[in-house]
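S.K.: Here it is, the structure, as C-alpha cells.
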Amino acid sequence: MKIYTRGGDKGKTGIFGGQRVDKDDVRIEANGTIDELNSVIGVVRANLPADHEWQSLLFKIQTEMMSVMSQVATPSTIRDTNTNTLDEDLDKLCEEWMDRMTDEMGPSETFILPGGTIVSAHLQLARAVARRAERRLWTLNKQDEVPASVMRFINRLSDLFFTMARYDMYKAGNIEERWKDFLYKRKKNG
C-alpha cells in the first residue's frame with residue numbers, strides 16, 4: 001500500500017469510525033499538536049544516551065501518546081468501540097518522576113529562560129507544545145467530551161517536561177537563567 005492516498009487533496013481527512021472532517025477541524029488540530037509533541041519527545045530521546053534513565057519513561061510516554069491520539073480521533077459516541085485504551089494513572093506516573101527530581105534539586109521558585117543544554121532546551125520546547133496541545137484539547141472538549149485521563153495526562157506532561165529541563169540543567173551543573181520570581185512567591189515573601 002502506498003503512503004499517499006490523495007484522499008486529503010480536497011481538505012478532508014478521516015477519523016475513527018470512518019467520518020470525514022475538515023483538515024482544520026479542532027479534533028485534527030488537537031491531534032496534530034499531540035503528534036508534534038510526540039516528535040519533540042523523539043528529539044529529546046535522540047539526544048540522550050541509549051542507557052539514560054529517562055529513555056524508558058519517554059518511550060512509555062510516546063507509546064501512550066499514540067493511544068491518546070487514537071482516543072482524540074474517536075468521537076465520544078463511539079469511543080467504547082476503540083480498543084486503543086490509555087493507562088488511567090499516567091498523571092500519577094508523571095507526578096512520581098517530578099517528585100523524585102524535585103526532592104533532589106529543590107523546587108522552582110522563578111521563571112527560567114529555556115535553554116542551557118540541548119536536552120533542556122528541547123524539553124522546554126516539549127513543555128510549550130504540551131501546553132498548546134492542552135489548549136486544543138479543551139477547545140475540542142467544548143464540542144465533544146475528551147476523556148478526563150487524557151486531559152490529566154497532557155496537563156502533567158507540561159509540568160514533567162519543565163521539571164526534566166530543570167533537572168537536566170542541575171545534573172549538568174549549569175545555572176538556570178532566571179527571569180523573575182513566581183508572583184505567588186513575591187506576595188508570600190513581600
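How things are named: the first chain in the C-alpha cells is A, the next is B, and so on; residues count from 1 in each chain; ligands count from 1 in the order shown.
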Out of stretch 26-187 of chain A, which residues get strand (DSSP E or B) from DSSP, as a PyMOL selection string?
M.R.: chain A and resi 110-112+178-181
S.K.: Residues at most 9 Å from A:Ala172, counting only C-alpha atoms, excluding those fewer than 4 positions away in the same chain, as a PyMOL selection string?
M.R.: chain A and resi 117+167-168
S.K.: Need the shell around A:Gln124: protein/DNA/RNA residues with any atom at most 8 Å away, counting only C-alpha atoms. Skip same-chain ones fewer than 6 positions apart. Format as a ChimeraX atom specification?
M.R.: /A:114-115,161-162,165
S.K.: Based on DSSP run over this structure's backbone, return all residues of stretch 34-179 of chain A in helix (DSSP H, G or I), as a PyMOL selection string.
M.R.: chain A and resi 34-46+54-72+76-81+90-105+118-143+148-172
S.K.: What's around A:Met105 at 10 Å? Count only C-alpha atoms, leave out sequence neighbours fewer than 2 positions away in its own chain, and write the answer as a list in words.
M.R.: Arg100, Met101, Thr102, Asp103, Pro107, Ser108, Thr163, Arg166, Tyr167, Tyr170 and Lys171 of chain A
S.K.: Need to verify the contact set: A:Ala133, 7 Å, only C-alpha atoms, exclusion of same-chain residues closer than 3 positions in sequence. Can you return it as a ChimeraX atom specification?
M.R.: /A:30,33-34,129-130,136-137
S.K.: Atoms to include: N, CA, C and O atoms. Write the selected residues as an mmCIF file, in the first residue's frame.
M.R.:
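Writing the result to again_22.cif gives the following:
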data_model
loop_
_atom_site.group_PDB
_atom_site.id
_atom_site.type_symbol
_atom_site.label_atom_id
_atom_site.label_comp_id
_atom_site.auth_asym_id
_atom_site.auth_seq_id
_atom_site.Cartn_x
_atom_site.Cartn_y
_atom_site.Cartn_z
ATOM 1 N N ALA A 30 -6.033 19.320 17.371
ATOM 2 C CA ALA A 30 -5.570 18.762 18.654
ATOM 3 C C ALA A 30 -4.632 17.582 18.410
ATOM 4 O O ALA A 30 -3.551 17.501 19.005
ATOM 5 N N THR A 33 -1.236 18.583 17.078
ATOM 6 C CA THR A 33 -0.373 19.147 18.111
ATOM 7 C C THR A 33 0.193 18.043 18.999
ATOM 8 O O THR A 33 1.369 18.085 19.393
ATOM 9 N N ILE A 34 -0.610 17.033 19.300
ATOM 10 C CA ILE A 34 -0.116 15.887 20.076
ATOM 11 C C ILE A 34 0.949 15.139 19.280
ATOM 12 O O ILE A 34 1.974 14.719 19.831
ATOM 13 N N VAL A 129 4.830 22.863 23.660
ATOM 14 C CA VAL A 129 3.924 22.155 22.747
ATOM 15 C C VAL A 129 2.853 21.404 23.538
ATOM 16 O O VAL A 129 1.688 21.365 23.131
ATOM 17 N N ALA A 130 3.222 20.856 24.695
ATOM 18 C CA ALA A 130 2.226 20.183 25.543
ATOM 19 C C ALA A 130 1.164 21.168 26.000
ATOM 20 O O ALA A 130 -0.030 20.844 26.041
ATOM 21 N N ARG A 136 -5.730 23.029 22.788
ATOM 22 C CA ARG A 136 -6.539 22.486 21.687
ATOM 23 C C ARG A 136 -7.513 21.428 22.207
ATOM 24 O O ARG A 136 -8.639 21.327 21.734
ATOM 25 N N LEU A 137 -7.074 20.619 23.176
ATOM 26 C CA LEU A 137 -7.956 19.594 23.737
ATOM 27 C C LEU A 137 -9.130 20.223 24.478
ATOM 28 O O LEU A 137 -10.262 19.720 24.410
#
S.K.: When you draw a straight line from atom CA of A:Gly116 to atom CA of A:Leu48, how long is it in Å?
M.R.: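 Atom CA of A:Leu48 lies at a distance of 15.1 Å from atom CA of A:Gly116.
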S.K.: Tell me, in Å to one decimal, how far atom CA of A:Ile118 is from atom CA of A:Asn38.
M.R.: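 Value for the atom CA of A:Ile118-atom CA of A:Asn38 distance: 17.2 Å.
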S.K.: Determine the nearest neighbour of A:Leu157 from the options A:Met66, A:Ala126, A:Val119, A:Ile28, counting only C-alpha atoms.
M.R.: A:Ala126
S.K.: Could you give me, as a list in words, the residues within 12 Å of A:Ser158, counting only C-alpha atoms and dropping anything in the same chain fewer than 5 positions from it?
M.R.: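 Final neighbour list, sorted by chain and number: Leu37, Ile41, Asp91, Cys94, Glu95, Met98, Leu123, Gln124, Leu125, Ala126, Arg127, Ala128, Val129, Ala130, Arg131, Arg132, Ala133, Glu134, Arg135, Met151, Arg152, Phe153, Thr163, Met164 and Ala165 of chain A.
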S.K.: Quick one: pull the distance between atom CA of A:Ser67 and atom CA of A:Val146, Å, one decimal.
M.R.: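 According to the coordinates, atom CA of A:Ser67 and atom CA of A:Val146 are separated by 12.9 Å.
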S.K.: Rank nothing, just name the residue among A:Ile175, A:Leu140, A:Met1, A:Leu57 nearest to A:Leu90, using only C-alpha atoms.
M.R.: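 Selected residue with least distance to A:Leu90: A:Leu57.
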S.K.: Excluding same-chain residues fewer than 4 positions from A:Gly42, what lies within 9 Å of it counting only C-alpha atoms, as a list in words?
M.R.: Leu37, Asn38, Ala46, Asn47, Leu58, Phe59 and Gln62 of chain A
S.K.: My list of candidates is A:Val150, A:Ser39, A:Thr110, A:Ala50. Which is closest to A:Ser70 when distances are computed with only C-alpha atoms?
M.R.: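 That would be A:Val150, the residue with the smallest distance to A:Ser70.
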S.K.: Smallest atom-to-atom distance to A:Pro147: which of A:Leu93, A:Leu86, A:Ile112, A:Met169, using only C-alpha atoms?
M.R.: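 Smallest distance to A:Pro147 is found for A:Leu86.
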